file run_36.txt (compact mmCIF, C-alpha atoms)
# COMPACT_ATOMS: atom_id res chain seq x y z
CA MET A 766 0.00 0.00 0.00
CA SER A 767 1.30 3.44 -0.83
CA GLU A 768 1.96 6.02 1.86
CA ALA A 769 -0.70 8.26 0.29
CA GLY A 770 -3.39 5.57 0.57
CA GLU A 771 -6.17 6.48 2.96
CA LEU A 772 -6.85 4.41 6.07
CA HIS A 773 -10.32 4.32 7.51
CA VAL A 774 -11.84 2.79 10.62
CA GLU A 775 -14.92 0.58 10.78
CA LEU A 776 -16.82 -0.15 14.00
CA VAL A 777 -18.27 -3.62 14.58
CA THR A 778 -20.71 -3.97 17.50
CA ASN A 779 -22.22 -7.37 16.70
CA ARG A 780 -20.17 -10.52 17.41
CA SER A 781 -21.70 -12.36 14.45
CA ALA A 782 -20.64 -9.53 12.12
CA VAL A 783 -16.90 -9.82 12.83
CA PRO A 784 -15.45 -10.30 9.31
CA LEU A 785 -12.21 -12.01 10.37
CA THR A 786 -11.71 -15.76 10.48
CA ALA A 787 -9.62 -17.26 13.27
CA ASP A 788 -6.66 -17.67 10.91
CA GLU A 789 -6.95 -14.09 9.60
CA TRP A 790 -7.17 -12.71 13.13
CA ASN A 791 -4.17 -14.75 14.28
CA ALA A 792 -2.09 -13.80 11.25
CA LEU A 793 -2.44 -10.13 12.21
CA ALA A 794 -1.72 -10.87 15.87
CA CYS A 795 1.33 -12.97 15.00
CA ALA A 796 2.82 -10.12 12.95
CA ASN A 797 2.17 -7.55 15.68
CA GLU A 798 5.02 -6.08 17.74
CA THR A 799 3.33 -7.48 20.85
CA ASN A 800 2.32 -11.05 20.10
CA THR A 801 1.12 -13.18 22.99
CA VAL A 802 -1.53 -15.84 23.50
CA PHE A 803 -3.75 -13.10 24.96
CA GLN A 804 -4.14 -11.46 21.54
CA THR A 805 -5.20 -14.62 19.71
CA TYR A 806 -8.64 -15.26 18.29
CA GLU A 807 -9.02 -18.28 20.56
CA TRP A 808 -8.53 -16.13 23.66
CA PHE A 809 -11.00 -13.51 22.44
CA ASP A 810 -13.58 -16.12 21.47
CA ALA A 811 -13.38 -18.00 24.80
CA TRP A 812 -13.59 -14.75 26.77
CA TRP A 813 -16.53 -13.47 24.74
CA ARG A 814 -18.45 -16.74 25.12
CA SER A 815 -18.00 -16.49 28.89
CA PHE A 816 -18.34 -12.76 29.59
CA GLY A 817 -19.67 -11.14 26.42
CA SER A 818 -23.28 -11.00 27.59
CA ALA A 819 -22.28 -8.36 30.18
CA HIS A 820 -20.62 -6.09 27.61
CA GLY A 821 -21.16 -4.43 24.28
CA LEU A 822 -18.68 -5.23 21.54
CA PHE A 823 -16.63 -2.28 20.26
CA LEU A 824 -14.27 -3.75 17.66
CA LEU A 825 -12.40 -1.22 15.55
CA LEU A 826 -11.16 -2.50 12.19
CA VAL A 827 -8.58 -0.54 10.23
CA ARG A 828 -8.86 -0.88 6.46
CA ASP A 829 -6.60 0.38 3.71
CA ASP A 830 -7.63 1.93 0.40
CA ARG A 831 -8.20 -1.56 -1.03
CA GLU A 832 -10.59 -2.35 1.85
CA ASP A 833 -8.19 -4.94 3.26
CA ILE A 834 -8.15 -5.21 7.05
CA ILE A 835 -4.64 -4.30 8.21
CA GLY A 836 -5.31 -4.25 11.95
CA PHE A 837 -7.85 -4.04 14.73
CA VAL A 838 -8.52 -3.04 18.32
CA ALA A 839 -10.85 -5.41 20.17
CA MET A 840 -12.67 -3.50 22.93
CA THR A 841 -15.88 -3.67 24.93
CA LEU A 842 -18.26 -0.93 26.06
CA SER A 843 -19.86 -1.07 29.50
CA ARG A 844 -20.92 1.10 32.43
CA ALA A 845 -18.25 1.77 35.02
CA ALA A 846 -17.91 4.00 38.11
CA TRP A 847 -20.12 7.09 38.20
CA GLY A 848 -22.08 5.62 35.31
CA TRP A 849 -19.30 6.38 32.84
CA ARG A 850 -19.43 4.58 29.52
CA GLU A 851 -16.07 2.90 29.49
CA LEU A 852 -14.19 1.24 26.66
CA ARG A 853 -11.75 -1.48 27.66
CA PHE A 854 -9.84 -4.20 25.88
CA ALA A 855 -11.87 -7.35 25.30
CA GLY A 856 -10.43 -9.89 27.72
CA HIS A 857 -9.85 -7.35 30.48
CA GLY A 858 -9.63 -8.87 33.93
CA ASN A 859 -8.21 -12.13 32.57
CA ALA A 860 -5.52 -11.16 30.06
CA ASP A 861 -2.10 -10.14 31.38
CA TYR A 862 -0.92 -8.53 28.14
CA GLN A 863 -3.09 -6.50 25.77
CA ASP A 864 -2.49 -4.08 22.93
CA PHE A 865 -3.67 -2.68 19.63
CA VAL A 866 -3.11 -5.21 16.85
CA LEU A 867 -1.63 -3.02 14.12
CA PRO A 868 1.28 -4.85 12.49
CA THR A 869 1.63 -2.41 9.57
CA GLU A 870 1.18 1.33 9.13
CA LYS A 871 0.87 1.67 12.90
CA PRO A 872 1.45 5.45 13.22
CA ARG A 873 -1.12 6.21 10.52
CA ALA A 874 -3.51 3.57 11.83
CA ILE A 875 -3.42 5.02 15.35
CA ALA A 876 -3.96 8.50 13.95
CA ALA A 877 -7.03 7.21 12.08
CA ILE A 878 -8.31 5.50 15.26
CA CYS A 879 -7.92 8.71 17.26
CA ARG A 880 -9.82 10.67 14.62
CA PHE A 881 -12.60 8.07 14.74
CA LEU A 882 -12.79 8.10 18.54
CA ALA A 883 -12.83 11.90 18.64
CA ALA A 884 -15.58 12.04 16.01
CA HIS A 885 -17.68 9.51 17.96
CA TRP A 886 -17.09 10.93 21.42
CA LEU A 887 -20.79 10.77 22.27
CA ARG A 888 -20.49 6.97 22.48
CA TRP A 889 -17.98 6.88 25.33
CA ASP A 890 -16.66 8.78 28.37
CA ARG A 891 -13.39 6.99 29.12
CA ILE A 892 -11.09 4.46 27.48
CA ALA A 893 -9.18 2.34 30.01
CA LEU A 894 -6.20 0.75 28.32
CA GLY A 895 -4.39 -1.65 30.62
CA GLY A 896 -1.75 -4.33 30.29
CA ILE A 897 0.16 -2.78 27.38
CA PRO A 898 3.81 -3.95 27.48
CA SER A 899 6.21 -1.05 27.93
CA HIS A 900 8.16 -2.00 24.81
CA SER A 901 5.07 -1.40 22.68
CA SER A 902 5.00 1.82 20.66
CA THR A 903 1.27 2.23 21.35
CA TRP A 904 1.62 4.71 24.22
CA ALA A 905 3.95 7.07 22.39
CA LEU A 906 1.96 6.95 19.14
CA LEU A 907 -1.36 7.45 20.93
CA ASN A 908 0.04 10.34 22.91
CA GLU A 909 1.15 12.05 19.72
CA ALA A 910 -2.03 11.34 17.74
CA ALA A 911 -4.35 12.26 20.61
CA ALA A 912 -2.87 15.73 20.83
CA GLN A 913 -3.89 16.33 17.21
CA THR A 914 -7.52 15.32 17.84
CA GLY A 915 -8.29 16.86 21.22
CA LEU A 916 -8.10 13.60 23.16
CA ARG A 917 -6.28 13.55 26.50
CA LEU A 918 -4.18 10.73 27.91
CA VAL A 919 -3.38 10.10 31.57
CA SER A 920 -0.71 7.60 32.58
CA GLU A 921 -2.21 5.77 35.56
CA ALA A 922 0.00 2.87 36.60
CA ARG A 923 3.02 0.74 35.81
CA VAL A 924 2.93 -2.95 36.75
CA THR A 925 5.98 -5.19 36.95
CA CYS A 926 6.07 -8.36 34.83
CA PRO A 927 8.93 -10.64 35.96
CA THR A 928 10.25 -13.39 33.70
CA LEU A 929 12.88 -16.10 33.84
CA LEU A 930 14.91 -16.18 30.63
CA LEU A 931 15.72 -19.82 30.01
CA GLN A 932 17.68 -19.80 26.77
CA GLU A 933 19.52 -16.53 27.27
CA ASP A 934 21.10 -17.81 30.49
CA PRO A 935 20.29 -21.52 30.98
CA GLN A 936 23.15 -21.92 33.47
CA ARG A 937 21.53 -19.39 35.80
CA ALA A 938 18.19 -21.18 35.57
CA GLN A 939 19.89 -24.51 36.26
CA ARG A 940 21.72 -23.12 39.29
CA LEU A 941 18.40 -21.82 40.56
CA ILE A 942 16.64 -25.18 40.51
CA ASP A 943 19.74 -26.91 41.91
CA LYS A 944 19.48 -24.92 45.14
CA TYR A 945 18.73 -27.01 48.18
CA SER A 946 15.66 -24.93 49.03
CA LEU A 947 14.13 -25.94 45.68
CA ARG A 948 15.28 -29.56 45.87
CA ARG A 949 13.95 -30.05 49.41
CA PRO A 950 10.23 -30.45 48.48
CA HIS A 951 11.13 -33.05 45.87
CA ASN A 952 13.27 -34.89 48.37
CA TRP A 953 10.43 -35.03 50.90
CA PHE A 954 7.86 -36.38 48.45
CA SER A 955 10.19 -38.77 46.64
CA LYS A 956 11.23 -40.38 49.94
CA ARG A 957 7.60 -41.19 50.63
CA GLY A 958 6.36 -42.31 47.25
CA ALA A 959 6.30 -41.77 43.51
CA VAL A 960 6.48 -38.21 42.15
CA ASN A 961 5.41 -37.56 38.57
CA PHE A 962 5.12 -34.31 36.61
CA ARG A 963 3.47 -34.24 33.20
CA HIS A 964 1.58 -32.10 30.71
CA VAL A 965 -1.94 -33.34 30.04
CA LYS A 966 -2.18 -33.85 26.29
CA SER A 967 -5.67 -35.27 25.87
CA ALA A 968 -8.55 -32.80 25.63
CA GLU A 969 -10.74 -35.39 27.33
CA GLU A 970 -8.35 -35.73 30.27
CA VAL A 971 -8.03 -31.95 30.59
CA ALA A 972 -11.81 -31.69 30.85
CA ALA A 973 -11.87 -34.52 33.38
CA LEU A 974 -9.19 -32.91 35.59
CA LEU A 975 -10.46 -29.32 35.53
CA PRO A 976 -12.98 -29.92 38.38
CA ALA A 977 -10.11 -31.15 40.61
CA PHE A 978 -8.08 -28.10 39.63
CA PHE A 979 -10.99 -25.77 40.52
CA ASP A 980 -11.53 -27.56 43.81
CA GLN A 981 -7.85 -27.33 44.78
CA HIS A 982 -7.86 -23.61 44.05
CA ARG A 983 -11.03 -23.02 46.08
CA SER A 984 -9.66 -25.03 49.02
CA ARG A 985 -6.37 -23.14 48.99
CA TRP A 986 -7.98 -19.71 49.10
CA ARG A 987 -10.62 -20.82 51.60
CA ALA A 988 -7.77 -21.84 53.89
CA ALA A 989 -6.31 -18.36 53.41
CA GLY A 990 -9.65 -16.78 54.30
CA LYS A 991 -10.30 -15.49 50.79
CA ALA A 992 -12.59 -16.32 47.91
CA SER A 993 -11.20 -18.22 44.97
CA LEU A 994 -11.73 -17.03 41.42
CA PHE A 995 -13.52 -20.31 40.85
CA THR A 996 -16.41 -19.52 43.15
CA GLN A 997 -17.68 -17.63 40.09
CA PRO A 998 -19.42 -19.83 37.49
CA ARG A 999 -18.42 -17.57 34.61
CA GLN A 1000 -14.75 -17.92 35.48
CA MET A 1001 -15.02 -21.70 35.47
CA LYS A 1002 -16.79 -21.53 32.13
CA PHE A 1003 -14.04 -19.29 30.76
CA TYR A 1004 -11.30 -21.75 31.75
CA GLU A 1005 -13.27 -24.62 30.23
CA GLU A 1006 -13.79 -22.69 26.99
CA LEU A 1007 -10.17 -21.58 26.93
CA ALA A 1008 -8.90 -25.11 27.52
CA ARG A 1009 -10.89 -26.42 24.57
CA SER A 1010 -9.90 -23.67 22.15
CA LEU A 1011 -6.20 -23.50 23.05
CA GLN A 1012 -5.85 -27.28 23.17
CA SER A 1013 -6.91 -27.39 19.52
CA ARG A 1014 -3.93 -25.15 18.68
CA ASP A 1015 -1.53 -26.93 21.04
CA TRP A 1016 -1.09 -23.68 23.01
CA LEU A 1017 -2.48 -24.95 26.30
CA GLN A 1018 0.03 -26.23 28.84
CA PHE A 1019 -2.07 -27.87 31.54
CA SER A 1020 0.36 -29.57 33.91
CA VAL A 1021 -0.22 -31.89 36.82
CA LEU A 1022 2.08 -32.89 39.65
CA GLU A 1023 1.18 -36.33 41.01
CA PHE A 1024 2.16 -38.02 44.27
CA ASN A 1025 1.49 -41.75 44.39
CA GLY A 1026 -0.85 -41.34 41.44
CA ALA A 1027 -2.97 -38.53 42.95
CA PRO A 1028 -2.78 -34.89 41.78
CA ILE A 1029 -1.26 -32.62 44.44
CA ALA A 1030 -0.76 -29.56 42.22
CA PHE A 1031 -1.85 -28.21 38.84
CA HIS A 1032 -0.73 -25.41 36.59
CA PHE A 1033 -3.05 -23.97 33.94
CA GLY A 1034 -0.68 -22.11 31.63
CA PHE A 1035 0.31 -21.66 28.02
CA ASP A 1036 3.08 -22.62 25.63
CA TYR A 1037 2.97 -20.08 22.82
CA ARG A 1038 5.75 -19.53 20.29
CA GLY A 1039 8.45 -20.81 22.63
CA CYS A 1040 7.26 -18.88 25.67
CA VAL A 1041 5.79 -20.69 28.67
CA THR A 1042 3.30 -18.43 30.43
CA TRP A 1043 2.62 -18.71 34.15
CA TYR A 1044 -1.11 -18.22 34.60
CA LYS A 1045 -3.02 -20.11 37.30
CA PRO A 1046 -1.60 -22.69 39.74
CA SER A 1047 -3.26 -24.74 42.47
CA PHE A 1048 -2.13 -27.24 45.05
CA ASP A 1049 -3.54 -29.63 47.63
CA VAL A 1050 -3.61 -27.75 50.95
CA ARG A 1051 -3.16 -31.01 52.87
CA TYR A 1052 0.48 -30.97 51.76
CA ALA A 1053 1.02 -27.21 52.14
CA GLU A 1054 3.78 -27.51 54.76
CA HIS A 1055 5.85 -29.52 52.26
CA SER A 1056 5.62 -26.89 49.48
CA PRO A 1057 3.97 -28.68 46.55
CA GLY A 1058 3.65 -25.29 44.81
CA LEU A 1059 7.39 -24.77 45.03
CA LEU A 1060 7.97 -28.24 43.65
CA LEU A 1061 5.55 -27.48 40.80
CA THR A 1062 7.47 -24.30 39.91
CA ARG A 1063 10.78 -26.16 39.94
CA GLN A 1064 9.35 -28.79 37.63
CA LEU A 1065 8.07 -26.14 35.21
CA ILE A 1066 11.52 -24.53 35.05
CA GLU A 1067 13.26 -27.88 34.60
CA ASP A 1068 10.79 -28.85 31.89
CA GLY A 1069 11.26 -25.53 30.11
CA LEU A 1070 15.02 -26.00 30.07
CA ARG A 1071 14.73 -29.55 28.78
CA ARG A 1072 12.37 -28.53 25.97
CA GLU A 1073 14.48 -25.44 25.15
CA ARG A 1074 11.76 -22.89 25.77
CA VAL A 1075 12.78 -19.25 25.53
CA GLU A 1076 11.40 -18.14 28.88
CA LEU A 1077 9.00 -18.77 31.72
CA ASP A 1078 6.99 -15.56 31.86
CA PHE A 1079 5.52 -14.97 35.32
CA THR A 1080 3.23 -12.25 33.85
CA ALA A 1081 1.87 -9.20 35.65
CA GLY A 1082 2.21 -8.81 39.41
CA ASP A 1083 4.83 -8.21 42.09
CA GLU A 1084 4.27 -11.32 44.20
CA ALA A 1085 7.38 -12.14 46.21
CA PHE A 1086 7.91 -15.59 44.70
CA LYS A 1087 8.28 -14.07 41.22
CA GLY A 1088 11.25 -12.01 42.32
CA ARG A 1089 12.80 -15.18 43.68
CA PHE A 1090 12.73 -16.88 40.28
CA ALA A 1091 12.85 -14.05 37.74
CA SER A 1092 15.98 -12.99 35.90
CA ARG A 1093 14.47 -9.89 34.29
CA GLU A 1094 11.63 -7.48 34.95
CA ARG A 1095 9.48 -5.98 32.25
CA TYR A 1096 6.55 -3.64 32.73
CA ASN A 1097 2.98 -3.11 31.67
CA ILE A 1098 1.57 0.38 31.45
CA HIS A 1099 -2.01 1.38 32.17
CA PHE A 1100 -3.53 4.64 31.02
CA GLY A 1101 -6.82 6.34 30.33
CA VAL A 1102 -8.05 8.30 27.34
CA TYR A 1103 -10.56 11.14 27.78
CA HIS A 1104 -12.36 13.49 25.44
CA GLY A 1105 -13.59 15.98 28.04
CA ARG A 1106 -11.86 18.25 30.53
CA VAL A 1107 -13.98 17.05 33.45
CA GLY A 1108 -13.05 13.39 33.04
CA HIS A 1109 -9.45 14.31 32.39
CA GLY A 1110 -9.34 16.45 35.54
CA ILE A 1111 -10.87 13.71 37.69
CA ALA A 1112 -8.35 11.22 36.33
CA LEU A 1113 -5.45 13.52 37.19
CA ALA A 1114 -6.81 14.02 40.72
CA ILE A 1115 -7.20 10.26 41.24
CA ARG A 1116 -3.66 9.66 39.99
CA SER A 1117 -2.31 12.25 42.47
CA LEU A 1118 -4.18 10.61 45.35
CA ARG A 1119 -2.87 7.17 44.39
CA ARG A 1120 0.69 8.43 44.24
CA LEU A 1121 0.29 10.09 47.63
CA ALA A 1122 -1.11 6.85 49.06
CA GLY A 1123 1.81 4.93 47.58
CA ARG A 1124 4.38 7.28 49.09
CA THR A 1125 2.61 7.07 52.46
CA LEU A 1126 2.58 3.28 52.37
CA ARG A 1127 6.28 3.14 51.51
CA TRP A 1128 7.02 5.54 54.39
CA LEU A 1129 5.02 3.39 56.81
CA ARG A 1130 6.94 0.30 55.71
CA ALA A 1131 10.23 2.11 56.24
CA GLN A 1132 9.09 3.19 59.70
CA ARG A 1133 8.06 -0.33 60.59
CA ALA A 1134 11.45 -1.66 59.52
CA THR A 1135 13.15 0.64 62.06
CA ARG A 1136 10.72 0.07 64.97
CA PRO A 1137 10.83 -2.62 67.67
CA ALA A 1138 9.04 -5.84 66.87
CA ASP A 1139 6.06 -4.96 69.08
CA ALA A 1140 5.39 -1.62 67.39
CA SER A 1141 1.90 -1.65 65.91
CA VAL A 1142 1.82 -0.30 62.38
CA MET A 1143 -0.96 -1.59 60.15
CA LEU A 1144 0.41 -2.37 56.67
CA LEU A 1145 -1.34 -3.64 53.59
CA PRO A 1146 0.20 -6.21 51.22
CA THR A 1147 1.23 -4.93 47.82
CA ARG A 1148 -0.61 -7.75 46.10
CA THR A 1149 -1.91 -11.19 46.87
CA GLY A 1150 -1.74 -13.54 43.95
CA ASP A 1151 -1.27 -17.16 42.96
CA GLY A 1152 2.19 -18.35 43.85
CA PRO A 1153 4.00 -21.40 45.12
CA VAL A 1154 3.74 -22.50 48.71
call {"tool": "encode", "arguments": {"input": "run_36.txt", "output": "structure tokens"}}
result
Amino acid sequence: MSEAGELHVELVTNRSAVPLTADEWNALACANETNTVFQTYEWFDAWWRSFGSAHGLFLLLVRDDREDIIGFVAMTLSRAAWGWRELRFAGHGNADYQDFVLPTEKPRAIAAICRFLAAHWLRWDRIALGGIPSHSSTWALLNEAAAQTGLRLVSEARVTCPTLLLQEDPQRAQRLIDKYSLRRPHNWFSKRGAVNFRHVKSAEEVAALLPAFFDQHRSRWRAAGKASLFTQPRQMKFYEELARSLQSRDWLQFSVLEFNGAPIAFHFGFDYRGCVTWYKPSFDVRYAEHSPGLLLTRQLIEDGLRRERVELDFTAGDEAFKGRFASRERYNIHFGVYHGRVGHGIALAIRSLRRLAGRTLRWLRAQRATRPADASVMLLPTRTGDGPV
């Protein structure tokens, strides 16, 4: 396509009217600068089947002067706080990485998208764009294009995304799993019976084991005094849909750790283009004091090294265990887009309050570190997530 060719944006609000096949969608995602399992058609389709009834589809297609689709932005429209009409990425709440899928002509495509959004400002009040990897050019290009169309961007958060690079430094990864603290759980279980770690390859067996996985996760969080994700029927449906769709592409990595033939830990993750993605683990709380979750993580690392995977991506979140295993930290950025001064001003005020709260919390932690053990300072955890125990 020539540089002078016009790009235009088409809005699709009906799921049945999406003109892309799964292969066409995935071809665009695969060529994108950010290409993860979370941008695939299978992810979108499973998420929409599970959660779509609570949202309106807002899929922006970018076409060139030949009417070919050269990219898209899959979003949803729903009511948020204060009754605002909010656009968010489809898959929000479940996808760790999200982005515009614009593999070619990205600067001009984003400019066209901003013109479309500005022209249709009556449809929305806020666009919440979260989970965009910091290496993506989306933020910079949107910031530039928005200024030309009257849109306003507010950077709202940066979230760490630790990863363990397996092929770049396999010796480091091997030294990590050779540590006694990581060998100890295996030693305990192997002295008392047979330990087996495997990836479940059969779609039928995956379906048969998912209820045990859900039950383990619920039991673990019930023991911690919190509600599991899998107390929600829609979340269970999503995992079932996702397992079926990703299994058909060989992108699902559903792993089970067995002790004397019984499952004591599971990991529902992904193996996509050489990257193993940490997503959702569980373990049998009856063995918690012997760290089956830690053993599961060690097995995943060992397996990734053996199969020459590029990395084990621990995805978004600053849970302590991730820092223990990671060899590099990347970041996701979260920001909002506004068309009015009122919304923009509220967003700036909220950001200032959050930053003040963050500074206060860090100060309290520093004070606690210098006080006697019996000093009473109430602190909140930075994040509670799924990690090995």
call {"tool": "atom_distance", "arguments": {"input": "run_36.txt", "atom1": "atom CA of A:Ala938", "atom2": "atom CA of A:Thr1042"}}
result
16.0 Å
call {"tool": "axis_aligned_box", "arguments": {"input": "run_36.txt", "around": "stretch 789-804 of chain A", "padding_each_side": "5 Å", "output": "lines of an AutoDock Vina configuration file"}}
result
center_x = -1.1
center_y = -11.0
center_z = 17.3
size_x = 22.2
size_y = 19.8
size_z = 25.4
call {"tool": "closest_residue", "arguments": {"input": "run_36.txt", "among": "A:Asn779, A:Asn1097, A:Thr805, A:Thr786", "to": "A:Ser818", "atoms": "all atoms listed in the file"}}
result
A:Asn779
call {"tool": "closest_atom_pairs", "arguments": {"input": "run_36.txt", "of": "stretch 872-980 of chain A", "to": "stretch 1065-1089 of chain A", "cutoff": "12 Å", "atoms": "all atoms listed in the file", "output": "CSV"}}
result
residue,atom,partner,partner_atom,distance
A:Gly895,CA,A:Ala1081,CA,11.0
A:Gly896,CA,A:Ala1081,CA,8.1
A:Ile897,CA,A:Ala1081,CA,10.6
A:Pro898,CA,A:Ala1081,CA,9.9
A:Arg923,CA,A:Ala1081,CA,10.0
A:Val924,CA,A:Ala1081,CA,6.4
A:Thr925,CA,A:Gly1082,CA,5.8
A:Cys926,CA,A:Ala1081,CA,4.4
A:Pro927,CA,A:Phe1079,CA,5.5
A:Thr928,CA,A:Asp1078,CA,4.3
A:Leu929,CA,A:Leu1077,CA,5.2
A:Leu930,CA,A:Glu1076,CA,4.4
A:Leu931,CA,A:Glu1076,CA,4.8
A:Gln932,CA,A:Val1075,CA,5.1
A:Glu933,CA,A:Val1075,CA,7.5
A:Asp934,CA,A:Val1075,CA,9.8
A:Pro935,CA,A:Leu1070,CA,7.0
A:Gln936,CA,A:Leu1070,CA,9.7
A:Arg937,CA,A:Leu1070,CA,10.9
A:Ala938,CA,A:Ile1066,CA,7.5
A:Gln939,CA,A:Glu1067,CA,7.6
A:Arg940,CA,A:Glu1067,CA,10.8
A:Leu941,CA,A:Ile1066,CA,9.2
A:Ile942,CA,A:Glu1067,CA,7.3
A:Asp943,CA,A:Glu1067,CA,9.8
A:Lys944,CA,A:Arg1089,CA,11.9
A:Ser946,CA,A:Arg1089,CA,11.5
A:Leu947,CA,A:Arg1089,CA,11.0
A:Arg948,CA,A:Glu1067,CA,11.6
A:Phe962,CA,A:Leu1065,CA,8.8
A:Arg963,CA,A:Asp1068,CA,9.2
A:His964,CA,A:Asp1068,CA,9.8
call {"tool": "residues_around", "arguments": {"input": "run_36.txt", "residues": "A:Phe1003", "least_positions_apart": "4", "cutoff": "9 Å", "atoms": "only C-alpha atoms", "output": "PDB file with C-alpha atoms, in the frame of the given file"}}
result
ATOM      1  CA  ALA A 811     -13.380 -18.000  24.800  1.00  0.00           C
ATOM      2  CA  TRP A 812     -13.590 -14.750  26.770  1.00  0.00           C
ATOM      3  CA  TRP A 813     -16.530 -13.470  24.740  1.00  0.00           C
ATOM      4  CA  ARG A 814     -18.450 -16.740  25.120  1.00  0.00           C
ATOM      5  CA  SER A 815     -18.000 -16.490  28.890  1.00  0.00           C
ATOM      6  CA  PHE A 816     -18.340 -12.760  29.590  1.00  0.00           C
ATOM      7  CA  PRO A 998     -19.420 -19.830  37.490  1.00  0.00           C
ATOM      8  CA  ARG A 999     -18.420 -17.570  34.610  1.00  0.00           C
ATOM      9  CA  LEU A1007     -10.170 -21.580  26.930  1.00  0.00           C
ATOM     10  CA  ALA A1008      -8.900 -25.110  27.520  1.00  0.00           C
TER      11      ALA A1008
END
call {"tool": "atom_distance", "arguments": {"input": "run_36.txt", "atom1": "atom CA of A:Ala905", "atom2": "atom CA of A:Phe865"}}
result
12.7 Å
call {"tool": "closest_residue", "arguments": {"input": "run_36.txt", "among": "A:Gly915, A:Gly1101, A:Gly858, A:Gly1152", "to": "A:Arg880", "atoms": "all atoms listed in the file"}}
result
A:Gly915
call {"tool": "atom_distance", "arguments": {"input": "run_36.txt", "atom1": "atom CA of A:Ala988", "atom2": "atom CA of A:Arg1051"}}
result
10.3 Å
